[in-house]
$ cat data06.pdb   # PDB, N, CA and C atoms, pLDDT in the B column
ATOM      1  N   MET A   1       0.847  -1.185   0.000  1.00 57.00           N
ATOM      2  CA  MET A   1       0.000   0.000   0.000  1.00 57.00           C
ATOM      3  C   MET A   1       0.887   1.241   0.000  1.00 57.00           C
ATOM      4  N   GLU A   2       0.720   2.066  -0.996  1.00 69.00           N
ATOM      5  CA  GLU A   2       1.522   3.263  -1.127  1.00 69.00           C
ATOM      6  C   GLU A   2       0.653   4.495  -0.857  1.00 69.00           C
ATOM      7  N   ILE A   3       1.235   5.475  -0.188  1.00 69.00           N
ATOM      8  CA  ILE A   3       0.501   6.695   0.152  1.00 69.00           C
ATOM      9  C   ILE A   3       0.823   7.755  -0.892  1.00 69.00           C
ATOM     10  N   SER A   4      -0.213   8.409  -1.402  1.00 73.00           N
ATOM     11  CA  SER A   4      -0.015   9.452  -2.409  1.00 73.00           C
ATOM     12  C   SER A   4       0.578  10.704  -1.763  1.00 73.00           C
ATOM     13  N   GLY A   5       1.040  11.609  -2.589  1.00 71.00           N
ATOM     14  CA  GLY A   5       1.657  12.847  -2.108  1.00 71.00           C
ATOM     15  C   GLY A   5       0.740  13.663  -1.220  1.00 71.00           C
ATOM     16  N   ALA A   6      -0.525  13.807  -1.626  1.00 72.00           N
ATOM     17  CA  ALA A   6      -1.490  14.586  -0.841  1.00 72.00           C
ATOM     18  C   ALA A   6      -1.750  13.901   0.500  1.00 72.00           C
ATOM     19  N   ASN A   7      -1.864  12.587   0.482  1.00 85.00           N
ATOM     20  CA  ASN A   7      -2.104  11.855   1.726  1.00 85.00           C
ATOM     21  C   ASN A   7      -0.904  11.939   2.662  1.00 85.00           C
ATOM     22  N   LYS A   8       0.309  11.945   2.086  1.00 85.00           N
ATOM     23  CA  LYS A   8       1.509  12.083   2.910  1.00 85.00           C
ATOM     24  C   LYS A   8       1.490  13.416   3.652  1.00 85.00           C
ATOM     25  N   GLU A   9       1.108  14.465   2.953  1.00 87.00           N
ATOM     26  CA  GLU A   9       1.048  15.784   3.577  1.00 87.00           C
ATOM     27  C   GLU A   9      -0.012  15.823   4.679  1.00 87.00           C
ATOM     28  N   GLU A  10      -1.144  15.174   4.451  1.00 89.00           N
ATOM     29  CA  GLU A  10      -2.184  15.115   5.478  1.00 89.00           C
ATOM     30  C   GLU A  10      -1.679  14.375   6.712  1.00 89.00           C
ATOM     31  N   VAL A  11      -0.970  13.285   6.489  1.00 88.00           N
ATOM     32  CA  VAL A  11      -0.415  12.503   7.608  1.00 88.00           C
ATOM     33  C   VAL A  11       0.624  13.335   8.352  1.00 88.00           C
ATOM     34  N   LYS A  12       1.491  14.010   7.615  1.00 89.00           N
ATOM     35  CA  LYS A  12       2.503  14.864   8.245  1.00 89.00           C
ATOM     36  C   LYS A  12       1.846  15.967   9.076  1.00 89.00           C
ATOM     37  N   GLN A  13       0.819  16.582   8.524  1.00 90.00           N
ATOM     38  CA  GLN A  13       0.117  17.653   9.233  1.00 90.00           C
ATOM     39  C   GLN A  13      -0.532  17.125  10.508  1.00 90.00           C
ATOM     40  N   GLN A  14      -1.120  15.950  10.427  1.00 91.00           N
ATOM     41  CA  GLN A  14      -1.748  15.338  11.595  1.00 91.00           C
ATOM     42  C   GLN A  14      -0.712  15.033  12.675  1.00 91.00           C
ATOM     43  N   VAL A  15       0.436  14.520  12.253  1.00 92.00           N
ATOM     44  CA  VAL A  15       1.515  14.223  13.208  1.00 92.00           C
ATOM     45  C   VAL A  15       2.001  15.510  13.866  1.00 92.00           C
ATOM     46  N   ARG A  16       2.146  16.576  13.090  1.00 90.00           N
ATOM     47  CA  ARG A  16       2.559  17.871  13.656  1.00 90.00           C
ATOM     48  C   ARG A  16       1.562  18.356  14.699  1.00 90.00           C
ATOM     49  N   LYS A  17       0.273  18.225  14.394  1.00 91.00           N
ATOM     50  CA  LYS A  17      -0.760  18.653  15.350  1.00 91.00           C
ATOM     51  C   LYS A  17      -0.693  17.836  16.628  1.00 91.00           C
ATOM     52  N   GLU A  18      -0.510  16.532  16.480  1.00 92.00           N
ATOM     53  CA  GLU A  18      -0.441  15.666  17.653  1.00 92.00           C
ATOM     54  C   GLU A  18       0.807  15.957  18.482  1.00 92.00           C
ATOM     55  N   MET A  19       1.916  16.255  17.818  1.00 90.00           N
ATOM     56  CA  MET A  19       3.141  16.600  18.544  1.00 90.00           C
ATOM     57  C   MET A  19       2.979  17.928  19.280  1.00 90.00           C
ATOM     58  N   ALA A  20       2.325  18.890  18.643  1.00 85.00           N
ATOM     59  CA  ALA A  20       2.087  20.176  19.296  1.00 85.00           C
ATOM     60  C   ALA A  20       1.191  19.998  20.516  1.00 85.00           C
ATOM     61  N   MET A  21       0.189  19.151  20.414  1.00 89.00           N
ATOM     62  CA  MET A  21      -0.700  18.881  21.544  1.00 89.00           C
ATOM     63  C   MET A  21       0.058  18.202  22.677  1.00 89.00           C
ATOM     64  N   ALA A  22       0.897  17.233  22.330  1.00 90.00           N
ATOM     65  CA  ALA A  22       1.694  16.540  23.345  1.00 90.00           C
ATOM     66  C   ALA A  22       2.656  17.505  24.033  1.00 90.00           C
ATOM     67  N   ASN A  23       3.269  18.413  23.270  1.00 84.00           N
ATOM     68  CA  ASN A  23       4.166  19.418  23.854  1.00 84.00           C
ATOM     69  C   ASN A  23       3.410  20.353  24.787  1.00 84.00           C
ATOM     70  N   ALA A  24       2.223  20.768  24.385  1.00 84.00           N
ATOM     71  CA  ALA A  24       1.412  21.647  25.234  1.00 84.00           C
ATOM     72  C   ALA A  24       1.025  20.943  26.532  1.00 84.00           C
ATOM     73  N   GLN A  25       0.657  19.675  26.437  1.00 90.00           N
ATOM     74  CA  GLN A  25       0.307  18.921  27.636  1.00 90.00           C
ATOM     75  C   GLN A  25       1.513  18.771  28.557  1.00 90.00           C
ATOM     76  N   GLU A  26       2.675  18.509  27.981  1.00 88.00           N
ATOM     77  CA  GLU A  26       3.893  18.384  28.785  1.00 88.00           C
ATOM     78  C   GLU A  26       4.219  19.708  29.468  1.00 88.00           C
ATOM     79  N   LEU A  27       4.070  20.806  28.744  1.00 86.00           N
ATOM     80  CA  LEU A  27       4.308  22.129  29.312  1.00 86.00           C
ATOM     81  C   LEU A  27       3.400  22.375  30.512  1.00 86.00           C
ATOM     82  N   ILE A  28       2.119  22.113  30.352  1.00 89.00           N
ATOM     83  CA  ILE A  28       1.162  22.345  31.430  1.00 89.00           C
ATOM     84  C   ILE A  28       1.455  21.448  32.620  1.00 89.00           C
ATOM     85  N   ASN A  29       1.754  20.182  32.370  1.00 91.00           N
ATOM     86  CA  ASN A  29       2.066  19.256  33.463  1.00 91.00           C
ATOM     87  C   ASN A  29       3.309  19.702  34.229  1.00 91.00           C
ATOM     88  N   ASN A  30       4.365  20.071  33.502  1.00 88.00           N
ATOM     89  CA  ASN A  30       5.591  20.521  34.161  1.00 88.00           C
ATOM     90  C   ASN A  30       5.392  21.842  34.895  1.00 88.00           C
ATOM     91  N   LEU A  31       4.647  22.734  34.294  1.00 88.00           N
ATOM     92  CA  LEU A  31       4.362  24.017  34.927  1.00 88.00           C
ATOM     93  C   LEU A  31       3.606  23.798  36.236  1.00 88.00           C
ATOM     94  N   ASN A  32       2.576  22.973  36.188  1.00 88.00           N
ATOM     95  CA  ASN A  32       1.816  22.671  37.408  1.00 88.00           C
ATOM     96  C   ASN A  32       2.701  22.025  38.455  1.00 88.00           C
ATOM     97  N   LYS A  33       3.455  21.020  38.053  1.00 89.00           N
ATOM     98  CA  LYS A  33       4.289  20.288  39.000  1.00 89.00           C
ATOM     99  C   LYS A  33       5.314  21.215  39.655  1.00 89.00           C
ATOM    100  N   ASN A  34       6.016  21.989  38.857  1.00 89.00           N
ATOM    101  CA  ASN A  34       7.102  22.819  39.377  1.00 89.00           C
ATOM    102  C   ASN A  34       6.607  24.063  40.110  1.00 89.00           C
ATOM    103  N   CYS A  35       5.698  24.801  39.517  1.00 91.00           N
ATOM    104  CA  CYS A  35       5.265  26.060  40.120  1.00 91.00           C
ATOM    105  C   CYS A  35       4.413  25.837  41.367  1.00 91.00           C
ATOM    106  N   TYR A  36       3.506  24.897  41.316  1.00 88.00           N
ATOM    107  CA  TYR A  36       2.678  24.655  42.492  1.00 88.00           C
ATOM    108  C   TYR A  36       3.513  24.100  43.638  1.00 88.00           C
ATOM    109  N   LYS A  37       4.461  23.240  43.317  1.00 89.00           N
ATOM    110  CA  LYS A  37       5.338  22.668  44.342  1.00 89.00           C
ATOM    111  C   LYS A  37       6.172  23.767  45.000  1.00 89.00           C
ATOM    112  N   MET A  38       6.659  24.705  44.194  1.00 91.00           N
ATOM    113  CA  MET A  38       7.504  25.770  44.706  1.00 91.00           C
ATOM    114  C   MET A  38       6.707  26.839  45.467  1.00 91.00           C
ATOM    115  N   CYS A  39       5.514  27.154  44.990  1.00 91.00           N
ATOM    116  CA  CYS A  39       4.790  28.311  45.512  1.00 91.00           C
ATOM    117  C   CYS A  39       3.766  27.986  46.605  1.00 91.00           C
ATOM    118  N   LEU A  40       3.257  26.784  46.638  1.00 88.00           N
ATOM    119  CA  LEU A  40       2.193  26.471  47.592  1.00 88.00           C
ATOM    120  C   LEU A  40       2.703  25.501  48.645  1.00 88.00           C
ATOM    121  N   SER A  41       2.959  26.031  49.826  1.00 79.00           N
ATOM    122  CA  SER A  41       3.494  25.178  50.881  1.00 79.00           C
ATOM    123  C   SER A  41       2.391  24.425  51.620  1.00 79.00           C
ATOM    124  N   THR A  42       1.221  25.056  51.749  1.00 80.00           N
ATOM    125  CA  THR A  42       0.112  24.388  52.429  1.00 80.00           C
ATOM    126  C   THR A  42      -1.139  24.483  51.566  1.00 80.00           C
ATOM    127  N   PRO A  43      -1.824  23.366  51.356  1.00 78.00           N
ATOM    128  CA  PRO A  43      -3.053  23.402  50.559  1.00 78.00           C
ATOM    129  C   PRO A  43      -4.160  24.129  51.310  1.00 78.00           C
ATOM    130  N   GLY A  44      -5.034  24.746  50.575  1.00 82.00           N
ATOM    131  CA  GLY A  44      -6.162  25.451  51.171  1.00 82.00           C
ATOM    132  C   GLY A  44      -7.257  25.663  50.153  1.00 82.00           C
ATOM    133  N   SER A  45      -8.314  26.307  50.595  1.00 87.00           N
ATOM    134  CA  SER A  45      -9.454  26.519  49.702  1.00 87.00           C
ATOM    135  C   SER A  45      -9.282  27.738  48.800  1.00 87.00           C
ATOM    136  N   SER A  46      -8.276  28.573  49.101  1.00 89.00           N
ATOM    137  CA  SER A  46      -8.035  29.745  48.259  1.00 89.00           C
ATOM    138  C   SER A  46      -6.544  30.071  48.266  1.00 89.00           C
ATOM    139  N   LEU A  47      -6.140  30.904  47.316  1.00 88.00           N
ATOM    140  CA  LEU A  47      -4.746  31.317  47.215  1.00 88.00           C
ATOM    141  C   LEU A  47      -4.547  32.653  47.901  1.00 88.00           C
ATOM    142  N   SER A  48      -3.444  32.791  48.616  1.00 89.00           N
ATOM    143  CA  SER A  48      -3.111  34.086  49.199  1.00 89.00           C
ATOM    144  C   SER A  48      -2.559  34.988  48.099  1.00 89.00           C
ATOM    145  N   THR A  49      -2.448  36.259  48.403  1.00 92.00           N
ATOM    146  CA  THR A  49      -1.894  37.212  47.440  1.00 92.00           C
ATOM    147  C   THR A  49      -0.457  36.839  47.098  1.00 92.00           C
ATOM    148  N   SER A  50       0.309  36.424  48.091  1.00 92.00           N
ATOM    149  CA  SER A  50       1.702  36.039  47.818  1.00 92.00           C
ATOM    150  C   SER A  50       1.770  34.762  46.989  1.00 92.00           C
ATOM    151  N   ASP A  51       0.854  33.813  47.233  1.00 91.00           N
ATOM    152  CA  ASP A  51       0.794  32.604  46.413  1.00 91.00           C
ATOM    153  C   ASP A  51       0.504  32.953  44.959  1.00 91.00           C
ATOM    154  N   GLU A  52      -0.454  33.829  44.741  1.00 92.00           N
ATOM    155  CA  GLU A  52      -0.810  34.244  43.381  1.00 92.00           C
ATOM    156  C   GLU A  52       0.369  34.905  42.688  1.00 92.00           C
ATOM    157  N   GLY A  53       1.064  35.780  43.411  1.00 94.00           N
ATOM    158  CA  GLY A  53       2.227  36.460  42.833  1.00 94.00           C
ATOM    159  C   GLY A  53       3.330  35.483  42.487  1.00 94.00           C
ATOM    160  N   CYS A  54       3.593  34.550  43.391  1.00 94.00           N
ATOM    161  CA  CYS A  54       4.620  33.533  43.157  1.00 94.00           C
ATOM    162  C   CYS A  54       4.269  32.689  41.936  1.00 94.00           C
ATOM    163  N   LEU A  55       3.022  32.256  41.854  1.00 93.00           N
ATOM    164  CA  LEU A  55       2.593  31.441  40.708  1.00 93.00           C
ATOM    165  C   LEU A  55       2.716  32.219  39.400  1.00 93.00           C
ATOM    166  N   ALA A  56       2.334  33.476  39.419  1.00 94.00           N
ATOM    167  CA  ALA A  56       2.413  34.291  38.200  1.00 94.00           C
ATOM    168  C   ALA A  56       3.860  34.443  37.750  1.00 94.00           C
ATOM    169  N   ARG A  57       4.772  34.741  38.685  1.00 95.00           N
ATOM    170  CA  ARG A  57       6.189  34.899  38.336  1.00 95.00           C
ATOM    171  C   ARG A  57       6.777  33.571  37.842  1.00 95.00           C
ATOM    172  N   CYS A  58       6.438  32.496  38.539  1.00 93.00           N
ATOM    173  CA  CYS A  58       6.955  31.179  38.152  1.00 93.00           C
ATOM    174  C   CYS A  58       6.464  30.799  36.757  1.00 93.00           C
ATOM    175  N   MET A  59       5.198  31.006  36.496  1.00 91.00           N
ATOM    176  CA  MET A  59       4.643  30.665  35.185  1.00 91.00           C
ATOM    177  C   MET A  59       5.280  31.505  34.086  1.00 91.00           C
ATOM    178  N   ASP A  60       5.483  32.800  34.355  1.00 92.00           N
ATOM    179  CA  ASP A  60       6.135  33.661  33.366  1.00 92.00           C
ATOM    180  C   ASP A  60       7.541  33.164  33.054  1.00 92.00           C
ATOM    181  N   LYS A  61       8.305  32.827  34.089  1.00 91.00           N
ATOM    182  CA  LYS A  61       9.673  32.329  33.882  1.00 91.00           C
ATOM    183  C   LYS A  61       9.655  30.988  33.153  1.00 91.00           C
ATOM    184  N   PHE A  62       8.768  30.108  33.581  1.00 86.00           N
ATOM    185  CA  PHE A  62       8.701  28.785  32.981  1.00 86.00           C
ATOM    186  C   PHE A  62       8.318  28.878  31.507  1.00 86.00           C
ATOM    187  N   LEU A  63       7.318  29.704  31.195  1.00 86.00           N
ATOM    188  CA  LEU A  63       6.896  29.866  29.798  1.00 86.00           C
ATOM    189  C   LEU A  63       7.994  30.509  28.958  1.00 86.00           C
ATOM    190  N   GLY A  64       8.696  31.476  29.541  1.00 89.00           N
ATOM    191  CA  GLY A  64       9.818  32.106  28.825  1.00 89.00           C
ATOM    192  C   GLY A  64      10.919  31.107  28.527  1.00 89.00           C
ATOM    193  N   SER A  65      11.239  30.281  29.509  1.00 84.00           N
ATOM    194  CA  SER A  65      12.261  29.252  29.311  1.00 84.00           C
ATOM    195  C   SER A  65      11.818  28.233  28.275  1.00 84.00           C
ATOM    196  N   TRP A  66      10.562  27.833  28.356  1.00 79.00           N
ATOM    197  CA  TRP A  66      10.018  26.862  27.401  1.00 79.00           C
ATOM    198  C   TRP A  66      10.107  27.420  25.976  1.00 79.00           C
ATOM    199  N   ASP A  67       9.816  28.709  25.836  1.00 83.00           N
ATOM    200  CA  ASP A  67       9.849  29.339  24.518  1.00 83.00           C
ATOM    201  C   ASP A  67      11.270  29.321  23.960  1.00 83.00           C
ATOM    202  N   VAL A  68      12.257  29.650  24.794  1.00 86.00           N
ATOM    203  CA  VAL A  68      13.649  29.652  24.352  1.00 86.00           C
ATOM    204  C   VAL A  68      14.081  28.250  23.931  1.00 86.00           C
ATOM    205  N   VAL A  69      13.749  27.264  24.751  1.00 80.00           N
ATOM    206  CA  VAL A  69      14.139  25.889  24.467  1.00 80.00           C
ATOM    207  C   VAL A  69      13.454  25.381  23.200  1.00 80.00           C
ATOM    208  N   SER A  70      12.176  25.705  23.029  1.00 77.00           N
ATOM    209  CA  SER A  70      11.443  25.189  21.870  1.00 77.00           C
ATOM    210  C   SER A  70      11.929  25.817  20.563  1.00 77.00           C
ATOM    211  N   ARG A  71      12.535  26.982  20.634  1.00 80.00           N
ATOM    212  CA  ARG A  71      13.061  27.622  19.422  1.00 80.00           C
ATOM    213  C   ARG A  71      14.401  27.056  18.989  1.00 80.00           C
ATOM    214  N   SER A  72      15.112  26.429  19.915  1.00 72.00           N
ATOM    215  CA  SER A  72      16.450  25.921  19.582  1.00 72.00           C
ATOM    216  C   SER A  72      16.421  24.546  18.986  1.00 72.00           C
TER     217      SER A  72
END

$ encode --input "data06.pdb" --output "C-alpha coordinates"
Amino acid sequence: MEISGANKEEVKQQVRKEMAMANAQELINNLNKNCYKMCLSTPGSSLSTSDEGCLARCMDKFLGSWDVVSRS
(Lines of atoms letter the chains of each structure in order from A and count residues from 1; the text may use other names and numbers.)
(Lines give C-alpha, C1' and ligand atoms only; values in the text may rest on other atoms or scores of the structure.)
Protein backbone atom coordinates (compact mmCIF):
# COMPACT_ATOMS: atom_id res chain seq x y z
CA MET A 1 0.00 0.00 0.00
CA GLU A 2 1.52 3.26 -1.13
CA ILE A 3 0.50 6.69 0.15
CA SER A 4 -0.02 9.45 -2.41
CA GLY A 5 1.66 12.85 -2.11
CA ALA A 6 -1.49 14.59 -0.84
CA ASN A 7 -2.10 11.86 1.73
CA LYS A 8 1.51 12.08 2.91
CA GLU A 9 1.05 15.78 3.58
CA GLU A 10 -2.18 15.12 5.48
CA VAL A 11 -0.42 12.50 7.61
CA LYS A 12 2.50 14.86 8.24
CA GLN A 13 0.12 17.65 9.23
CA GLN A 14 -1.75 15.34 11.59
CA VAL A 15 1.52 14.22 13.21
CA ARG A 16 2.56 17.87 13.66
CA LYS A 17 -0.76 18.65 15.35
CA GLU A 18 -0.44 15.67 17.65
CA MET A 19 3.14 16.60 18.54
CA ALA A 20 2.09 20.18 19.30
CA MET A 21 -0.70 18.88 21.54
CA ALA A 22 1.69 16.54 23.34
CA ASN A 23 4.17 19.42 23.85
CA ALA A 24 1.41 21.65 25.23
CA GLN A 25 0.31 18.92 27.64
CA GLU A 26 3.89 18.38 28.78
CA LEU A 27 4.31 22.13 29.31
CA ILE A 28 1.16 22.35 31.43
CA ASN A 29 2.07 19.26 33.46
CA ASN A 30 5.59 20.52 34.16
CA LEU A 31 4.36 24.02 34.93
CA ASN A 32 1.82 22.67 37.41
CA LYS A 33 4.29 20.29 39.00
CA ASN A 34 7.10 22.82 39.38
CA CYS A 35 5.27 26.06 40.12
CA TYR A 36 2.68 24.66 42.49
CA LYS A 37 5.34 22.67 44.34
CA MET A 38 7.50 25.77 44.71
CA CYS A 39 4.79 28.31 45.51
CA LEU A 40 2.19 26.47 47.59
CA SER A 41 3.49 25.18 50.88
CA THR A 42 0.11 24.39 52.43
CA PRO A 43 -3.05 23.40 50.56
CA GLY A 44 -6.16 25.45 51.17
CA SER A 45 -9.45 26.52 49.70
CA SER A 46 -8.03 29.74 48.26
CA LEU A 47 -4.75 31.32 47.22
CA SER A 48 -3.11 34.09 49.20
CA THR A 49 -1.89 37.21 47.44
CA SER A 50 1.70 36.04 47.82
CA ASP A 51 0.79 32.60 46.41
CA GLU A 52 -0.81 34.24 43.38
CA GLY A 53 2.23 36.46 42.83
CA CYS A 54 4.62 33.53 43.16
CA LEU A 55 2.59 31.44 40.71
CA ALA A 56 2.41 34.29 38.20
CA ARG A 57 6.19 34.90 38.34
CA CYS A 58 6.96 31.18 38.15
CA MET A 59 4.64 30.67 35.18
CA ASP A 60 6.13 33.66 33.37
CA LYS A 61 9.67 32.33 33.88
CA PHE A 62 8.70 28.78 32.98
CA LEU A 63 6.90 29.87 29.80
CA GLY A 64 9.82 32.11 28.82
CA SER A 65 12.26 29.25 29.31
CA TRP A 66 10.02 26.86 27.40
CA ASP A 67 9.85 29.34 24.52
CA VAL A 68 13.65 29.65 24.35
CA VAL A 69 14.14 25.89 24.47
CA SER A 70 11.44 25.19 21.87
CA ARG A 71 13.06 27.62 19.42
CA SER A 72 16.45 25.92 19.58

$ atom_distance --input "data06.pdb" --atom1 "atom CA of A:Cys58" --atom2 "atom C of A:Cys35"
6.7 Å

$ closest_residue --input "data06.pdb" --among "A:Gly64, A:Lys8, A:Ser72, A:Cys39" --to "A:Glu52" --atoms "all atoms listed in the file"
A:Cys39

$ atom_distance --input "data06.pdb" --atom1 "atom CA of A:Val69" --atom2 "atom N of A:Lys33"
18.0 Å

$ select_by_dssp --input "data06.pdb" --residues "chain A" --states "alpha helix (DSSP H)" --output "ChimeraX atom specification"
/A:5-31,37-39,49-71

$ atom_distance --input "data06.pdb" --atom1 "atom CA of A:Gln14" --atom2 "atom CA of A:Glu26"
18.3 Å

$ axis_aligned_box --input "data06.pdb" --around "stretch 47-62 of chain A" --padding-each-side "8 Å" --output "lines of an AutoDock Vina configuration file"
center_x = 1.8
center_y = 33.0
center_z = 40.4
size_x = 31.8
size_y = 24.4
size_z = 33.7

$ closest_residue --input "data06.pdb" --among "A:Leu63, A:Val15, A:Glu9, A:Leu47" --to "A:Leu31" --atoms "only N, CA and C atoms"
A:Leu63

$ closest_residue --input "data06.pdb" --among "A:Cys54, A:Trp66, A:Ser45, A:Glu10" --to "A:Leu27" --atoms "all atoms listed in the file"
A:Trp66

$ closest_residue --input "data06.pdb" --among "A:Asp60, A:Leu55, A:Lys12, A:Ala6" --to "A:Ser41" --atoms "only C-alpha atoms"
A:Leu55

$ build_atoms --input "data06.pdb" --residues "stretch 41-52 of chain A" --atoms "all heavy atoms" --output "PDB file, keeping the file's coordinate frame"
ATOM      1  N   SER A  41       2.959  26.031  49.826  1.00 79.00           N
ATOM      2  CA  SER A  41       3.494  25.178  50.881  1.00 79.00           C
ATOM      3  C   SER A  41       2.391  24.425  51.620  1.00 79.00           C
ATOM      4  O   SER A  41       2.591  23.301  52.065  1.00 79.00           O
ATOM      5  CB  SER A  41       4.311  26.013  51.864  1.00 79.00           C
ATOM      6  OG  SER A  41       3.514  27.056  52.390  1.00 79.00           O
ATOM      7  N   THR A  42       1.221  25.056  51.749  1.00 80.00           N
ATOM      8  CA  THR A  42       0.112  24.388  52.429  1.00 80.00           C
ATOM      9  C   THR A  42      -1.139  24.483  51.566  1.00 80.00           C
ATOM     10  O   THR A  42      -1.490  25.556  51.078  1.00 80.00           O
ATOM     11  CB  THR A  42      -0.186  25.036  53.801  1.00 80.00           C
ATOM     12  OG1 THR A  42      -0.427  26.427  53.616  1.00 80.00           O
ATOM     13  CG2 THR A  42       0.973  24.855  54.759  1.00 80.00           C
ATOM     14  N   PRO A  43      -1.824  23.366  51.356  1.00 78.00           N
ATOM     15  CA  PRO A  43      -3.053  23.402  50.559  1.00 78.00           C
ATOM     16  C   PRO A  43      -4.160  24.129  51.310  1.00 78.00           C
ATOM     17  O   PRO A  43      -4.195  24.139  52.537  1.00 78.00           O
ATOM     18  CB  PRO A  43      -3.402  21.931  50.357  1.00 78.00           C
ATOM     19  CG  PRO A  43      -2.560  21.158  51.303  1.00 78.00           C
ATOM     20  CD  PRO A  43      -1.478  22.039  51.805  1.00 78.00           C
ATOM     21  N   GLY A  44      -5.034  24.746  50.575  1.00 82.00           N
ATOM     22  CA  GLY A  44      -6.162  25.451  51.171  1.00 82.00           C
ATOM     23  C   GLY A  44      -7.257  25.663  50.153  1.00 82.00           C
ATOM     24  O   GLY A  44      -7.139  25.274  48.993  1.00 82.00           O
ATOM     25  N   SER A  45      -8.314  26.307  50.595  1.00 87.00           N
ATOM     26  CA  SER A  45      -9.454  26.519  49.702  1.00 87.00           C
ATOM     27  C   SER A  45      -9.282  27.738  48.800  1.00 87.00           C
ATOM     28  O   SER A  45     -10.043  27.924  47.856  1.00 87.00           O
ATOM     29  CB  SER A  45     -10.738  26.659  50.525  1.00 87.00           C
ATOM     30  OG  SER A  45     -10.619  27.763  51.403  1.00 87.00           O
ATOM     31  N   SER A  46      -8.276  28.573  49.101  1.00 89.00           N
ATOM     32  CA  SER A  46      -8.035  29.745  48.259  1.00 89.00           C
ATOM     33  C   SER A  46      -6.544  30.071  48.266  1.00 89.00           C
ATOM     34  O   SER A  46      -5.783  29.591  49.109  1.00 89.00           O
ATOM     35  CB  SER A  46      -8.838  30.939  48.758  1.00 89.00           C
ATOM     36  OG  SER A  46      -8.415  31.299  50.064  1.00 89.00           O
ATOM     37  N   LEU A  47      -6.140  30.904  47.316  1.00 88.00           N
ATOM     38  CA  LEU A  47      -4.746  31.317  47.215  1.00 88.00           C
ATOM     39  C   LEU A  47      -4.547  32.653  47.901  1.00 88.00           C
ATOM     40  O   LEU A  47      -5.383  33.557  47.765  1.00 88.00           O
ATOM     41  CB  LEU A  47      -4.334  31.455  45.747  1.00 88.00           C
ATOM     42  CG  LEU A  47      -4.334  30.185  44.906  1.00 88.00           C
ATOM     43  CD1 LEU A  47      -4.043  30.545  43.449  1.00 88.00           C
ATOM     44  CD2 LEU A  47      -3.319  29.193  45.423  1.00 88.00           C
ATOM     45  N   SER A  48      -3.444  32.791  48.616  1.00 89.00           N
ATOM     46  CA  SER A  48      -3.111  34.086  49.199  1.00 89.00           C
ATOM     47  C   SER A  48      -2.559  34.988  48.099  1.00 89.00           C
ATOM     48  O   SER A  48      -2.204  34.524  47.006  1.00 89.00           O
ATOM     49  CB  SER A  48      -2.077  33.917  50.313  1.00 89.00           C
ATOM     50  OG  SER A  48      -0.828  33.536  49.763  1.00 89.00           O
ATOM     51  N   THR A  49      -2.448  36.259  48.403  1.00 92.00           N
ATOM     52  CA  THR A  49      -1.894  37.212  47.440  1.00 92.00           C
ATOM     53  C   THR A  49      -0.457  36.839  47.098  1.00 92.00           C
ATOM     54  O   THR A  49      -0.054  36.904  45.929  1.00 92.00           O
ATOM     55  CB  THR A  49      -1.952  38.633  48.008  1.00 92.00           C
ATOM     56  OG1 THR A  49      -3.309  38.934  48.349  1.00 92.00           O
ATOM     57  CG2 THR A  49      -1.453  39.658  47.018  1.00 92.00           C
ATOM     58  N   SER A  50       0.309  36.424  48.091  1.00 92.00           N
ATOM     59  CA  SER A  50       1.702  36.039  47.818  1.00 92.00           C
ATOM     60  C   SER A  50       1.770  34.762  46.989  1.00 92.00           C
ATOM     61  O   SER A  50       2.647  34.626  46.127  1.00 92.00           O
ATOM     62  CB  SER A  50       2.487  35.881  49.125  1.00 92.00           C
ATOM     63  OG  SER A  50       1.945  34.858  49.918  1.00 92.00           O
ATOM     64  N   ASP A  51       0.854  33.813  47.233  1.00 91.00           N
ATOM     65  CA  ASP A  51       0.794  32.604  46.413  1.00 91.00           C
ATOM     66  C   ASP A  51       0.504  32.953  44.959  1.00 91.00           C
ATOM     67  O   ASP A  51       1.140  32.428  44.042  1.00 91.00           O
ATOM     68  CB  ASP A  51      -0.289  31.640  46.910  1.00 91.00           C
ATOM     69  CG  ASP A  51       0.030  30.986  48.239  1.00 91.00           C
ATOM     70  OD1 ASP A  51       1.205  30.981  48.636  1.00 91.00           O
ATOM     71  OD2 ASP A  51      -0.919  30.484  48.875  1.00 91.00           O
ATOM     72  N   GLU A  52      -0.454  33.829  44.741  1.00 92.00           N
ATOM     73  CA  GLU A  52      -0.810  34.244  43.381  1.00 92.00           C
ATOM     74  C   GLU A  52       0.369  34.905  42.688  1.00 92.00           C
ATOM     75  O   GLU A  52       0.647  34.636  41.520  1.00 92.00           O
ATOM     76  CB  GLU A  52      -2.005  35.192  43.410  1.00 92.00           C
ATOM     77  CG  GLU A  52      -3.307  34.521  43.762  1.00 92.00           C
ATOM     78  CD  GLU A  52      -4.483  35.487  43.810  1.00 92.00           C
ATOM     79  OE1 GLU A  52      -4.306  36.684  43.493  1.00 92.00           O
ATOM     80  OE2 GLU A  52      -5.583  35.040  44.160  1.00 92.00           O
TER      81      GLU A  52
END
